[in-house]
Amino acid sequence: QVQLVESGGGLVQPGGSLRLSCVSSRNIFSIKNMGWYRQAPGKERDLVALMSSGGTRTYADSVQGRFTISRDTVKNTIYLQMNSLTPEDTAVYYCNARDSRYSIDSWGQGTQVTVSS
């Protein structure tokens, strides 16, 4: 498996920005898909953004145009830049590494993002 450590969460006012980071113990370029998910209280964990090893990005409709997923393959880190945050973005954000070729489906511990005035 892959160890993932997230950071960057916190409290931000509506309209503000945050950048989340996720450091991987494995070379992220070798992992088929890495992504960010979020889970609000009482709700299921949903996909926020996904990046394939080839660089293809996928976003949930609710964050399209506001959030950007990126990576630094030298640092084995993926990022989630979140702009124009709203209270509806409040959730625990989880980093995920998934690759069925190696039976990888790993999750980070999560980082809390709270958007409130």
# chains A, B, ... in the order shown; residues from 1 in each chain; ligands from 1
call {"tool": "residues_around", "arguments": {"residues": "Tyr93 (chain A)", "least_positions_apart": "4", "cutoff": "7 Å", "atoms": "only C-alpha atoms", "output": "list in words"}}
result
Trp36, Tyr37, Arg38, Gln39, Gly110, Thr111, Gln112 and Val113 of chain A
call {"tool": "closest_residue", "arguments": {"among": "A:Thr114, A:Ser24, A:Thr58, A:Asn33", "to": "Lys75 (chain A)", "atoms": "only C-alpha atoms"}}
result
A:Ser24
call {"tool": "closest_residue", "arguments": {"among": "A:Gly42, A:Gly54, A:Gly35, A:Gly16", "to": "Asn83 (chain A)", "atoms": "only C-alpha atoms"}}
result
A:Gly16
call {"tool": "atom_distance", "arguments": {"atom1": "CA of Leu47 (chain A)", "atom2": "CA of Ser117 (chain A)"}}
result
25.5 Å
